[in-house]
Each structure stands twice: as C-alpha cells, then as structure tokens.
$ cat entry-v2.tsv   # TSV, C-alpha atoms
chain	number	residue	atom	x	y	z
A	126	MET	CA	46.12	135.83	97.58
A	127	ASN	CA	48.72	134.41	99.94
A	128	MET	CA	46.24	132.64	102.21
A	129	PRO	CA	48.05	130.91	105.06
A	130	LEU	CA	47.52	127.16	105.39
A	131	PRO	CA	44.90	126.12	107.98
A	132	GLN	CA	46.34	125.04	111.34
A	133	PRO	CA	46.55	121.22	111.46
A	134	PRO	CA	44.79	119.47	114.38
A	135	ARG	CA	46.99	119.03	117.45
A	136	ASP	CA	46.64	115.27	117.96
A	137	LEU	CA	48.56	114.11	114.88
A	138	ALA	CA	50.56	110.88	114.61
A	139	PRO	CA	54.34	111.39	114.11
A	140	GLY	CA	53.96	110.81	110.36
A	141	GLY	CA	51.19	113.37	110.20
A	142	ARG	CA	53.25	115.93	112.13
A	143	ALA	CA	56.14	115.46	109.71
A	144	GLY	CA	53.71	115.88	106.84
A	145	ALA	CA	52.23	119.05	108.33
A	146	TRP	CA	55.73	120.45	108.89
A	147	LEU	CA	56.71	119.64	105.31
A	148	GLY	CA	53.50	121.24	104.03
A	149	ARG	CA	54.23	124.43	105.95
A	150	ARG	CA	57.80	124.54	104.61
A	151	VAL	CA	56.68	124.02	101.02
A	152	ASP	CA	54.04	126.68	101.48
A	153	ALA	CA	56.56	129.14	102.90
A	154	ILE	CA	59.00	128.48	100.04
A	155	ALA	CA	56.24	128.89	97.46
A	156	ARG	CA	55.18	132.16	99.07
A	157	THR	CA	58.74	133.44	98.93
A	158	ALA	CA	59.09	132.41	95.29
A	159	ARG	CA	55.80	134.09	94.34
A	160	HIS	CA	56.86	137.36	95.91
A	161	PRO	CA	57.64	139.90	93.16
A	162	LEU	CA	60.93	140.82	94.82
A	163	PHE	CA	62.13	137.23	94.50
A	164	TRP	CA	62.33	137.71	90.75
A	165	VAL	CA	63.77	141.21	91.07
A	166	GLY	CA	66.57	139.72	93.16
A	167	ALA	CA	67.13	136.91	90.68
A	168	ARG	CA	67.20	139.32	87.73
A	169	GLU	CA	69.61	141.76	89.35
A	170	MET	CA	71.88	138.89	90.27
A	171	ALA	CA	71.76	137.54	86.72
A	172	GLY	CA	72.71	141.01	85.46
A	173	VAL	CA	76.03	141.04	87.27
A	174	SER	CA	76.77	137.36	86.90
A	175	VAL	CA	78.84	137.38	83.71
A	176	GLY	CA	82.02	137.75	85.68
A	177	LEU	CA	80.88	135.25	88.22
A	178	THR	CA	80.23	132.57	85.62
A	179	ALA	CA	83.74	132.97	84.22
A	180	TRP	CA	85.07	132.61	87.73
A	181	ALA	CA	82.98	129.51	88.41
A	182	PHE	CA	84.11	127.92	85.16
A	183	MET	CA	87.74	128.52	86.05
A	184	THR	CA	87.35	127.15	89.53
A	185	GLY	CA	86.01	123.98	87.95
A	186	VAL	CA	88.91	123.79	85.50
A	187	ALA	CA	91.48	124.50	88.23
A	188	MET	CA	90.09	121.68	90.40
A	189	VAL	CA	90.45	118.92	87.81
A	190	LYS	CA	93.71	120.31	86.42
A	191	SER	CA	95.29	120.15	89.87
A	192	GLY	CA	94.76	116.39	89.86
A	193	MET	CA	91.53	116.05	91.82
A	194	SER	CA	89.17	113.29	90.74
A	195	ILE	CA	85.83	114.22	89.21
A	196	THR	CA	84.04	113.01	92.36
A	197	GLU	CA	86.20	115.20	94.58
A	198	ALA	CA	85.81	118.21	92.33
A	199	VAL	CA	82.01	117.87	92.14
A	200	LEU	CA	81.72	117.39	95.90
A	201	MET	CA	84.00	120.36	96.57
A	202	SER	CA	81.96	122.60	94.29
A	203	LEU	CA	78.60	121.55	95.75
A	204	LEU	CA	79.64	121.61	99.41
A	205	VAL	CA	82.36	124.23	99.86
A	206	PHE	CA	80.69	126.74	97.51
A	207	ALA	CA	83.36	129.42	97.97
A	208	GLY	CA	85.37	130.32	94.87
A	209	SER	CA	88.33	132.07	96.41
A	210	ALA	CA	88.74	129.60	99.30
A	211	GLN	CA	88.53	126.73	96.82
A	212	LEU	CA	91.12	128.29	94.51
A	213	ALA	CA	93.43	128.91	97.46
A	214	ALA	CA	93.01	125.37	98.80
A	215	ILE	CA	93.44	123.57	95.46
A	216	PRO	CA	97.24	123.97	95.09
A	217	LEU	CA	97.70	123.14	98.78
A	218	ILE	CA	95.71	119.93	98.43
A	219	ALA	CA	97.67	119.07	95.28
A	220	ALA	CA	100.97	119.66	97.10
A	221	GLY	CA	99.89	117.37	99.95
A	222	ALA	CA	99.98	120.11	102.59
A	223	PRO	CA	98.74	119.07	106.05
A	224	LEU	CA	95.02	119.52	106.68
A	225	TRP	CA	95.44	122.30	109.21
A	226	VAL	CA	97.46	124.41	106.78
A	227	ILE	CA	94.76	123.96	104.11
A	228	TRP	CA	92.04	124.87	106.58
A	229	ALA	CA	93.91	127.81	108.11
A	230	THR	CA	94.53	129.28	104.65
A	231	ALA	CA	90.89	128.88	103.58
A	232	PHE	CA	89.77	130.36	106.89
A	233	CYS	CA	91.92	133.45	106.37
A	234	VAL	CA	90.69	133.89	102.79
A	235	ASN	CA	87.11	133.59	104.10
A	236	LEU	CA	87.60	136.09	106.94
A	237	ARG	CA	85.91	138.77	104.82
A	238	PHE	CA	82.66	136.83	105.31
A	239	VAL	CA	83.04	137.24	109.08
A	240	VAL	CA	82.84	140.99	108.49
A	241	PHE	CA	79.75	140.53	106.31
A	242	SER	CA	78.08	138.35	108.94
A	243	LEU	CA	78.51	141.07	111.55
A	244	HIS	CA	76.65	143.43	109.22
A	245	LEU	CA	73.95	140.90	108.25
A	246	ARG	CA	73.32	139.96	111.86
A	247	GLU	CA	70.77	142.73	112.38
A	248	TYR	CA	68.93	141.64	109.22
A	249	PHE	CA	68.81	137.94	110.09
A	250	MET	CA	68.39	137.73	113.86
A	251	PHE	CA	64.61	137.27	113.68
A	252	LEU	CA	65.17	133.85	112.04
A	253	PRO	CA	65.79	130.67	114.07
A	254	ARG	CA	69.47	129.72	114.29
A	255	ALA	CA	69.45	126.89	111.72
A	256	ARG	CA	67.70	129.07	109.17
A	257	ARG	CA	70.15	131.94	109.80
A	258	LEU	CA	73.10	129.66	109.22
A	259	VAL	CA	71.68	128.22	105.98
A	260	LEU	CA	70.92	131.70	104.68
A	261	GLY	CA	74.36	132.98	105.69
A	262	TYR	CA	76.06	129.99	104.05
A	263	LEU	CA	74.21	130.66	100.77
A	264	THR	CA	74.96	134.41	100.75
A	265	GLY	CA	78.15	135.04	98.78
A	266	ASP	CA	80.06	138.24	98.06
A	267	VAL	CA	77.86	139.49	95.24
A	268	THR	CA	74.48	138.76	96.78
A	269	TYR	CA	75.66	140.39	100.01
A	270	VAL	CA	76.61	143.56	98.15
A	271	LEU	CA	73.36	143.68	96.14
A	272	TYR	CA	71.19	142.95	99.18
A	273	THR	CA	72.72	145.53	101.50
A	274	ARG	CA	72.75	148.11	98.71
A	275	ARG	CA	69.05	147.63	98.04
A	276	PHE	CA	68.14	147.51	101.75
A	277	PRO	CA	70.43	149.88	103.63
A	278	ARG	CA	68.54	149.19	106.88
A	279	PRO	CA	67.05	146.04	108.42
A	280	ALA	CA	63.32	145.39	108.08
A	281	GLU	CA	61.00	146.56	110.84
A	282	THR	CA	57.60	145.18	109.83
A	283	GLU	CA	56.55	141.67	108.83
A	284	ASN	CA	55.88	142.81	105.24
A	285	GLN	CA	59.30	144.39	104.90
A	286	ARG	CA	60.90	141.24	106.26
A	287	ARG	CA	59.10	139.12	103.73
A	288	ALA	CA	60.15	141.46	100.92
A	289	GLN	CA	63.79	141.45	102.02
A	290	MET	CA	63.91	137.70	102.39
A	291	ALA	CA	62.27	137.22	98.97
A	292	TYR	CA	64.83	139.51	97.34
A	293	LEU	CA	67.75	137.77	99.04
A	294	TRP	CA	66.48	134.28	98.25
A	295	GLY	CA	65.93	135.28	94.62
A	296	GLY	CA	69.50	136.50	94.31
A	297	ASN	CA	70.89	133.51	96.18
A	298	CYS	CA	69.00	130.98	94.07
A	299	ALA	CA	70.11	132.61	90.82
A	300	ASN	CA	73.67	132.79	92.12
A	301	TRP	CA	73.72	129.16	93.24
A	302	VAL	CA	72.30	127.79	90.00
A	303	MET	CA	74.68	129.82	87.81
A	304	TRP	CA	77.71	129.13	89.96
A	305	GLN	CA	77.16	125.40	90.16
A	306	SER	CA	76.26	124.87	86.51
A	307	LEU	CA	79.32	126.74	85.24
A	308	SER	CA	81.53	125.08	87.81
A	309	MET	CA	80.30	121.64	86.63
A	310	LEU	CA	80.92	122.67	83.03
A	311	GLY	CA	84.48	123.62	84.01
A	312	ILE	CA	85.02	120.31	85.79
A	313	PHE	CA	83.86	118.19	82.87
A	314	MET	CA	85.38	120.30	80.09
A	315	GLY	CA	88.57	120.97	82.01
A	316	ALA	CA	89.34	117.26	82.03
A	317	ALA	CA	89.33	117.32	78.21
A	318	LEU	CA	91.60	120.38	77.77
A	319	PRO	CA	95.33	119.73	77.24
A	320	ALA	CA	97.59	120.20	80.28
A	321	ARG	CA	100.21	122.02	78.16
A	322	TRP	CA	98.01	125.13	78.03
A	323	GLY	CA	98.51	125.63	81.74
A	324	LEU	CA	94.92	126.81	82.17
A	325	GLU	CA	95.08	126.49	85.94
A	326	PHE	CA	96.92	129.82	85.79
A	327	ALA	CA	93.52	131.45	85.20
A	328	GLY	CA	92.70	130.45	88.80
A	329	THR	CA	95.77	132.35	90.02
A	330	LEU	CA	94.71	135.37	87.95
A	331	ALA	CA	91.20	135.20	89.44
A	332	LEU	CA	92.68	135.37	92.94
A	333	LEU	CA	94.95	138.21	91.83
A	334	ALA	CA	91.97	140.23	90.59
A	335	MET	CA	90.15	139.48	93.84
A	336	ALA	CA	93.18	140.70	95.83
A	337	CYS	CA	93.29	143.90	93.75
A	338	SER	CA	89.63	144.52	94.57
A	339	LEU	CA	90.41	144.24	98.29
A	340	ALA	CA	93.29	146.73	98.09
A	341	THR	CA	91.11	149.70	99.03
A	342	THR	CA	93.48	151.33	101.53
A	343	ARG	CA	97.22	151.85	101.45
A	344	LEU	CA	97.77	149.62	104.46
A	345	ARG	CA	95.79	146.83	102.85
A	346	ALA	CA	97.90	147.04	99.70
A	347	LEU	CA	100.99	146.97	101.90
A	348	SER	CA	99.62	143.90	103.66
A	349	ALA	CA	99.41	142.17	100.28
A	350	LEU	CA	102.96	143.14	99.32
A	351	ILE	CA	104.43	142.00	102.65
A	352	ALA	CA	102.54	138.72	102.49
A	353	ALA	CA	103.62	138.11	98.88
A	354	GLY	CA	107.26	138.82	99.66
A	355	ALA	CA	107.22	136.72	102.82
A	356	ALA	CA	105.49	133.77	101.13
A	357	VAL	CA	108.21	133.71	98.47
A	358	ALA	CA	111.07	134.32	100.92
A	359	VAL	CA	110.13	131.47	103.27
A	360	PHE	CA	108.89	129.12	100.55
A	361	GLY	CA	111.40	126.53	101.77
A	362	LEU	CA	109.40	125.90	104.97
A	363	PRO	CA	107.92	122.40	105.08
A	364	TYR	CA	104.19	121.67	104.74
A	365	ARG	CA	103.49	124.92	102.88
A	366	LEU	CA	103.81	126.69	106.21
A	367	ASN	CA	105.08	129.69	104.23
A	368	ILE	CA	101.45	130.74	103.68
A	369	VAL	CA	100.45	130.78	107.34
A	370	ALA	CA	103.77	132.46	108.22
A	371	ALA	CA	103.29	135.12	105.54
A	372	ILE	CA	99.74	135.95	106.69
A	373	THR	CA	100.89	136.24	110.30
A	374	ILE	CA	103.83	138.49	109.41
A	375	ALA	CA	101.74	140.75	107.15
A	376	VAL	CA	98.85	141.17	109.61
A	377	ALA	CA	101.18	141.80	112.55
A	378	ALA	CA	103.18	144.35	110.55
A	379	CYS	CA	100.04	146.20	109.46
A	380	LEU	CA	98.61	146.27	112.97
A	381	MET	CA	101.86	147.77	114.25
A	382	LEU	CA	102.00	150.35	111.45
A	383	GLU	CA	98.36	151.19	112.04
A	384	ARG	CA	99.05	151.84	115.71
A	385	ARG	CA	101.99	154.07	114.85
A	386	HIS	CA	100.44	156.07	112.01
A	387	GLY	CA	96.76	155.69	112.83
A	388	GLU	CA	94.81	154.58	109.78
A	389	PRO	CA	91.23	155.86	110.31
A	390	ALA	CA	89.59	153.33	112.62
A	391	GLU	CA	86.67	152.38	110.35
A	392	GLY	CA	88.32	153.93	107.31
A	393	ARG	CA	87.52	153.53	103.66
A	394	HIS	CA	86.69	149.87	103.81
A	395	ALA	CA	85.24	147.92	100.89
B	787	MET	CA	91.50	109.34	85.61
B	788	ASN	CA	92.56	110.61	89.03
B	789	GLU	CA	91.82	108.58	92.15
B	790	THR	CA	89.55	109.83	94.90
B	791	ASP	CA	91.43	109.75	98.19
B	792	PHE	CA	90.27	109.95	101.75
B	793	GLY	CA	92.53	112.83	102.78
B	794	THR	CA	91.09	115.08	100.09
B	795	LEU	CA	87.52	114.21	101.10
B	796	LEU	CA	88.40	115.08	104.70
B	797	ALA	CA	89.87	118.39	103.52
B	798	ILE	CA	86.64	119.11	101.60
B	799	ALA	CA	84.52	118.32	104.67
B	800	GLY	CA	86.58	120.74	106.73
B	801	LEU	CA	86.39	123.44	104.06
B	802	THR	CA	82.59	123.06	104.03
B	803	ALA	CA	82.53	123.62	107.78
B	804	ILE	CA	84.74	126.69	107.30
B	805	SER	CA	82.30	128.10	104.72
B	806	VAL	CA	79.40	127.69	107.15
B	807	VAL	CA	81.26	129.04	110.18
B	808	THR	CA	82.80	132.10	108.52
B	809	ARG	CA	79.62	133.13	106.67
B	810	GLY	CA	77.51	132.69	109.78
B	811	PHE	CA	80.12	133.73	112.32
B	812	PHE	CA	78.01	136.34	114.08
B	813	PHE	CA	74.72	134.46	113.67
B	814	ILE	CA	75.75	131.49	115.78
B	815	SER	CA	75.08	133.07	119.16
B	816	GLU	CA	71.91	134.95	120.06
B	817	ARG	CA	73.94	137.10	122.39
B	818	GLU	CA	75.31	140.44	121.24
B	819	TRP	CA	79.12	140.20	121.40
B	820	ARG	CA	82.21	141.72	119.87
B	821	LEU	CA	85.63	140.54	118.85
B	822	PRO	CA	88.61	141.99	120.74
B	823	GLY	CA	89.84	145.17	119.05
B	824	TRP	CA	93.04	143.71	117.60
B	825	ALA	CA	91.13	140.83	115.97
B	826	GLN	CA	88.60	143.21	114.50
B	827	ARG	CA	91.37	145.33	113.03
B	828	GLY	CA	93.23	142.22	111.86
B	829	LEU	CA	90.15	141.25	109.84
B	830	ARG	CA	90.92	144.14	107.52
B	831	TYR	CA	94.33	142.82	106.55
B	832	ALA	CA	94.09	139.02	106.74
B	833	PRO	CA	91.99	138.23	103.63
B	834	ILE	CA	94.18	140.19	101.20
B	835	ALA	CA	97.33	138.85	102.88
B	836	ALA	CA	96.05	135.29	102.48
B	837	LEU	CA	95.29	135.77	98.79
B	838	ALA	CA	98.67	137.39	98.14
B	839	ALA	CA	100.52	134.65	100.02
B	840	VAL	CA	98.80	131.96	97.97
B	841	ILE	CA	99.39	133.51	94.54
B	842	ALA	CA	102.87	135.07	94.84
B	843	PRO	CA	104.80	131.76	94.82
B	844	ASP	CA	102.61	130.52	91.95
B	845	ILE	CA	103.61	133.54	89.91
B	846	VAL	CA	107.36	133.91	90.47
B	847	LEU	CA	108.71	130.54	91.65
B	848	THR	CA	109.82	127.70	89.39
B	849	GLY	CA	110.52	124.51	91.32
B	850	GLY	CA	110.98	126.49	94.54
B	851	ALA	CA	113.38	129.17	93.25
B	852	VAL	CA	113.06	132.54	91.54
B	853	GLU	CA	114.22	131.99	87.95
B	854	ALA	CA	114.36	134.88	85.47
B	855	PRO	CA	110.81	136.22	85.96
B	856	TRP	CA	111.32	138.54	82.95
B	857	ARG	CA	111.32	135.41	80.79
B	858	ASP	CA	108.30	133.89	82.50
B	859	ALA	CA	104.83	133.92	80.94
B	860	ARG	CA	103.22	133.86	84.40
B	861	ALA	CA	104.88	137.07	85.60
B	862	TRP	CA	103.86	138.96	82.44
B	863	GLY	CA	100.34	137.55	82.58
B	864	ALA	CA	99.98	138.63	86.21
B	865	LEU	CA	101.34	142.12	85.40
B	866	ALA	CA	98.83	142.46	82.56
B	867	ALA	CA	95.95	141.33	84.77
B	868	GLY	CA	96.93	143.73	87.57
B	869	ALA	CA	97.39	146.66	85.17
B	870	CYS	CA	94.02	145.92	83.56
B	871	TYR	CA	92.37	145.82	86.98
B	872	PHE	CA	93.61	149.26	88.02
B	873	TRP	CA	92.91	150.72	84.57
B	874	ARG	CA	89.29	149.48	84.54
B	875	ARG	CA	88.58	149.39	88.27
B	876	HIS	CA	85.23	151.17	88.00
B	877	ASP	CA	83.93	148.87	85.27
B	878	GLY	CA	81.36	146.31	86.43
B	879	LEU	CA	83.11	143.56	84.49
B	880	VAL	CA	86.57	144.35	85.79
B	881	LEU	CA	87.20	140.88	87.26
B	882	PRO	CA	86.64	138.82	84.09
B	883	LEU	CA	88.31	141.53	81.98
B	884	SER	CA	91.48	141.35	84.08
B	885	ILE	CA	91.55	137.57	83.93
B	886	ALA	CA	91.05	137.67	80.16
B	887	ALA	CA	93.83	140.27	79.75
B	888	GLY	CA	96.21	138.17	81.84
B	889	MET	CA	95.42	135.00	79.88
B	890	ALA	CA	95.76	136.88	76.56
B	891	VAL	CA	99.35	137.72	77.51
B	892	TYR	CA	100.14	134.42	79.19
B	893	LEU	CA	98.91	131.92	76.58
B	894	PRO	CA	100.89	133.18	73.53
B	895	LEU	CA	104.08	133.58	75.59
B	896	ARG	CA	103.68	130.05	76.90
B	897	LEU	CA	102.50	128.27	73.78
B	898	VAL	CA	104.54	130.09	71.12
B	899	TRP	CA	107.77	131.03	72.93
B	900	ASN	CA	107.65	128.32	75.61
B	901	TRP	CA	108.33	130.81	78.42
$ encode --input "entry-v2.tsv" --output "structure tokens"
Amino acid sequence: MNMPLPQPPRDLAPGGRAGAWLGRRVDAIARTARHPLFWVGAREMAGVSVGLTAWAFMTGVAMVKSGMSITEAVLMSLLVFAGSAQLAAIPLIAAGAPLWVIWATAFCVNLRFVVFSLHLREYFMFLPRARRLVLGYLTGDVTYVLYTRRFPRPAETENQRRAQMAYLWGGNCANWVMWQSLSMLGIFMGAALPARWGLEFAGTLALLAMACSLATTRLRALSALIAAGAAVAVFGLPYRLNIVAAITIAVAACLMLERRHGEPAEGRHA
Amino acid sequence: MNETDFGTLLAIAGLTAISVVTRGFFFISEREWRLPGWAQRGLRYAPIAALAAVIAPDIVLTGGAVEAPWRDARAWGALAAGACYFWRRHDGLVLPLSIAAGMAVYLPLRLVWNW
C-alpha cells in the first residue's frame, strides 16, 4: 500500500510542472485521508461536537440578527472561522465602531490562540511556512485540546509525523464541516426567526460560558470582574473605546497584583 | 433584507487576517524567539478580560444606562447560565447546557413578562 508516485521527468513544460505538483498534492491528501488515524481524529471530534454545533448555530443567528446581510454573514463565517472573535465583533460592527476597535477587540479575544501556537510550534516546525500557517488557522480550541491530549510530545520519526498529521487533519476536517454547516443553518434560519425573541442574547451567553471556562485562577476571574466593571463604567466613551480601555485596565491591574502577591509563574493554566 | 456595505467587508477581511496571525503567531518565523515577560504574563489575563468587557454592557445596560437589573431578563438569564456553568463545570457538555439554562430563564421572562 501507500506507494509513492513516480518522480516526474525534470524537463517538463510549465503546464506539466503544475500538473505534477497538483498530482503530488492530491496524492498526499489522499494518503492522509486513508490513514486510520484520520478517521479516529474525525470520530473523536464528532463525539465532542454537540456543544460546538449549538455554538456555531448561534453565531450564525447572531450575525444576521445584528443586521448583517446574508452575504456578509456567510463570508464572515467562511473566512474568519472563529466563534468567540466573531461574537465579540458582531455588536461592534452593528454599532458602527471604528475598524481598529473591532480588530483590537477580536485580537484580544484571540490571544489564547497565541498561547496555543507557542505550544504547537514544536509539532509543526517540520512543515514549510505556508503549510504551517494553514494548519494553524484551521486548528481551533477543541481540535487543539484533543490533539495535544492524544500526542503529549511532538513526533520524532516520519511515521509518527504522518500519524499525528492524519489525526489532526481528521479532527480539523470534521470540525470545519460541522462548524460551517451549522453556522450556515443559523444564518438562513435566523433570518426567519422573529426579532422579538431577542435570540442574539444566546451569543452573549455563549461568550459568558466561554469566559467562565477561562476563569481557572483567581487572578483570571478578577481580571474578568475588573474588565466587566470598567466596560460598564466607561460605556460613555465614544467609538466603543470602553472595551479597549477595560481590557487595558484589567490586564494592567492583574499584572501589578501578580507582581505584588506572586501568582505561580506558570500556574494552573487551562 | 440588509444591505452589504464596504466597511463591514473590510472589517471581515481584517478579522480573517487576525485569525491567521493569532493562530499561527509562533509559526511565522523559523527563528526561536520569546515574547517579553510582561507580554507573556499579560496573555493569561487579556482573553478573559476581552470577553468580559464585551458581554458586561450587553447584560446590564439599557440604552447606555444601568436600569433596574433585577427586572431585566438578560441579567437573570446570565446569572442562570453562570450558575449552571459552575454547577456542571466537569460535564463535557457544560457549554451548551449553560447556554440552554440561560435561555430557559431569559425567554419566558422576556416573552411573558416583557422584562
């Protein structure tokens, strides 16, 4: 099984080179998809996806209910592909906040992925840069957790690498398909649901549950409380600057408290 | 229904770039490098602060002012969702359960009593 393709001759015309490249890519993808761990990854992802599908559905509903057009909502779901950042950006877009405030808020919400990428670096560095970035972009919270739980250390041999990549791609593909289909369902059904129900509130609750799951240390919970209080207290600031101000105040306060009381340096993090 | 406008498309393009950059932050450079210590520590507090800052005004403010949150369906819904989260925190389905609990409190209060 798994015979590699024969090397193409060197003196190919540009069209032939493109064809050979495409053939190699298709072959590599097929080999990944035939790997048994691809389907293990997909199955394990599907097992924990019930919550995720509810989340995706609500993100879809929240987008159209905030007044985005169907085109915008579909594009946002397909391209941004980040539930919490989308939910955080939606009310800001609806309120006409300046672009940099929208982007700064989404960036802060997404900062947890920066932490993940530091961890995944040792797993991914053997790939060329473009491939690393695509794989990183497609790896969300849940697939990251499943992948690093199944493989506590990076691969050392070629076979291990192939197994790890197959597992990760399986999970990512299952995740992407489920996320996007439920998000589309939310977009198209959300448009038909009456506005009086105030269903966009489910998006707020989804972010609330997400925040609760991040509150793993006392200082982190305090950071949430300070930010919540500050965001309400300075709500009058123009351009929804209250959000950026609240994040800055909360992070600065926690860093100062940490220095004074010394939270364990790499403490009980999520 | 709603119009597609250029500003929103630009916002979406930027958000896409943010998804790519944050998820691949440490893959961009081949070189081994570290963030300064304060930034690394700040990473622990910024995501939860950002989420809290986004949702708090949506839960307690009505038209920019705090108005009787004890007669507000959103405040009770949020309380129910938070309580459910900490009650069921070790359950695999805790996220959808909390959202469902919050909506189960919010919808009747809003639709029947108009809170």
$ closest_residue --input "entry-v2.tsv" --among "B:Gly823, B:Gly888, B:Pro855, B:Gly810" --to "Tyr871 in chain B" --atoms "all atoms listed in the file"
B:Gly888
$ interface_residues --input "entry-v2.tsv" --of "chain B" --to "chain A" --cutoff "6 Å" --atoms "all atoms listed in the file" --output "number ranges by chain"
B: 788-790, 798, 801-802, 806, 808-813, 831-836, 838-839, 841-843, 881-882, 885
$ write_last_selection --input "entry-v2.tsv" --atoms "C-alpha atoms" --output "short mmCIF file (atom, residue, chain, number, x, y, z; two decimals), keeping the file's coordinate frame"
data_model
loop_
_atom_site.label_atom_id
_atom_site.label_comp_id
_atom_site.auth_asym_id
_atom_site.auth_seq_id
_atom_site.Cartn_x
_atom_site.Cartn_y
_atom_site.Cartn_z
CA ASN B 788 92.56 110.61 89.03
CA GLU B 789 91.82 108.58 92.15
CA THR B 790 89.55 109.83 94.90
CA ILE B 798 86.64 119.11 101.60
CA LEU B 801 86.39 123.44 104.06
CA THR B 802 82.59 123.06 104.03
CA VAL B 806 79.40 127.69 107.15
CA THR B 808 82.80 132.10 108.52
CA ARG B 809 79.62 133.13 106.67
CA GLY B 810 77.51 132.69 109.78
CA PHE B 811 80.12 133.73 112.32
CA PHE B 812 78.01 136.34 114.08
CA PHE B 813 74.72 134.46 113.67
CA TYR B 831 94.33 142.82 106.55
CA ALA B 832 94.09 139.02 106.74
CA PRO B 833 91.99 138.23 103.63
CA ILE B 834 94.18 140.19 101.20
CA ALA B 835 97.33 138.85 102.88
CA ALA B 836 96.05 135.29 102.48
CA ALA B 838 98.67 137.39 98.14
CA ALA B 839 100.52 134.65 100.02
CA ILE B 841 99.39 133.51 94.54
CA ALA B 842 102.87 135.07 94.84
CA PRO B 843 104.80 131.76 94.82
CA LEU B 881 87.20 140.88 87.26
CA PRO B 882 86.64 138.82 84.09
CA ILE B 885 91.55 137.57 83.93
#
$ closest_residue --input "entry-v2.tsv" --among "A:Val165, A:Gly311, A:Val226, A:Met381" --to "Val840 in chain B" --atoms "all atoms listed in the file"
A:Val226
$ residues_around --input "entry-v2.tsv" --residues "Ala859 in chain B" --least-positions-apart "4" --cutoff "12 Å" --atoms "all atoms listed in the file" --output "tab-separated table (two decimals) with C-alpha atoms, in the coordinates of the input"
chain	number	residue	atom	x	y	z
A	322	TRP	CA	98.01	125.13	78.03
A	323	GLY	CA	98.51	125.63	81.74
A	326	PHE	CA	96.92	129.82	85.79
B	844	ASP	CA	102.61	130.52	91.95
B	845	ILE	CA	103.61	133.54	89.91
B	846	VAL	CA	107.36	133.91	90.47
B	847	LEU	CA	108.71	130.54	91.65
B	848	THR	CA	109.82	127.70	89.39
B	853	GLU	CA	114.22	131.99	87.95
B	854	ALA	CA	114.36	134.88	85.47
B	855	PRO	CA	110.81	136.22	85.96
B	863	GLY	CA	100.34	137.55	82.58
B	864	ALA	CA	99.98	138.63	86.21
B	865	LEU	CA	101.34	142.12	85.40
B	866	ALA	CA	98.83	142.46	82.56
B	888	GLY	CA	96.21	138.17	81.84
B	889	MET	CA	95.42	135.00	79.88
B	890	ALA	CA	95.76	136.88	76.56
B	891	VAL	CA	99.35	137.72	77.51
B	892	TYR	CA	100.14	134.42	79.19
B	893	LEU	CA	98.91	131.92	76.58
B	894	PRO	CA	100.89	133.18	73.53
B	895	LEU	CA	104.08	133.58	75.59
B	896	ARG	CA	103.68	130.05	76.90
B	897	LEU	CA	102.50	128.27	73.78
B	898	VAL	CA	104.54	130.09	71.12
B	899	TRP	CA	107.77	131.03	72.93
B	900	ASN	CA	107.65	128.32	75.61
B	901	TRP	CA	108.33	130.81	78.42
$ atom_distance --input "entry-v2.tsv" --atom1 "CA of Arg149 in chain A" --atom2 "CA of Arg135 in chain A"
14.6 Å
$ axis_aligned_box --input "entry-v2.tsv" --around "range 813-817 of chain B" --padding-each-side "6 Å" --output "lines of an AutoDock Vina configuration file"
center_x = 73.8
center_y = 134.3
center_z = 118.0
size_x = 15.8
size_y = 17.6
size_z = 20.7
$ atom_distance --input "entry-v2.tsv" --atom1 "CA of Gln285 in chain A" --atom2 "CA of Phe163 in chain A"
12.9 Å
$ residues_around --input "entry-v2.tsv" --residues "Gly166 in chain A" --least-positions-apart "3" --cutoff "7 Å" --atoms "all atoms listed in the file" --output "list in words"
Leu162, Phe163, Glu169, Met170, Tyr292, Leu293, Gly295 and Gly296 of chain A
$ residues_around --input "entry-v2.tsv" --residues "Arg874 in chain B" --least-positions-apart "5" --cutoff "10 Å" --atoms "all atoms listed in the file" --output "number ranges by chain"
B: 869, 879-881, 883-884
$ write_last_selection --input "entry-v2.tsv" --atoms "C-alpha atoms" --output "PDB file, in the coordinates of the input"
ATOM      1  CA  ALA B 869      97.390 146.660  85.170  1.00  0.00           C
ATOM      2  CA  LEU B 879      83.110 143.560  84.490  1.00  0.00           C
ATOM      3  CA  VAL B 880      86.570 144.350  85.790  1.00  0.00           C
ATOM      4  CA  LEU B 881      87.200 140.880  87.260  1.00  0.00           C
ATOM      5  CA  LEU B 883      88.310 141.530  81.980  1.00  0.00           C
ATOM      6  CA  SER B 884      91.480 141.350  84.080  1.00  0.00           C
TER       7      SER B 884
END
$ residues_around --input "entry-v2.tsv" --residues "Asn284 in chain A" --least-positions-apart "6" --cutoff "12 Å" --atoms "only C-alpha atoms" --output "list of chain:residue names"
A:Thr157, A:His160, A:Leu162, A:Met290, A:Ala291
$ atom_distance --input "entry-v2.tsv" --atom1 "CA of Ala320 in chain A" --atom2 "CA of Arg860 in chain B"
15.3 Å
$ closest_residue --input "entry-v2.tsv" --among "B:Arg875, B:Leu795, B:Val807, B:Gly868" --to "Val199 in chain A" --atoms "all atoms listed in the file"
B:Leu795
$ residues_near_point --input "entry-v2.tsv" --point "(70.1, 134.3, 88.5)" --cutoff "6 Å" --atoms "all atoms listed in the file" --output "number ranges by chain"
A: 167-168, 170-171, 299-300
$ closest_residue --input "entry-v2.tsv" --among "B:Gly800, B:Pro822, B:Gly793, B:Gly828" --to "Leu382 in chain A" --atoms "only C-alpha atoms"
B:Gly828
$ closest_residue --input "entry-v2.tsv" --among "B:Ala851, B:Ala825, B:Ala886, B:Ala803" --to "Met183 in chain A" --atoms "all atoms listed in the file"
B:Ala886
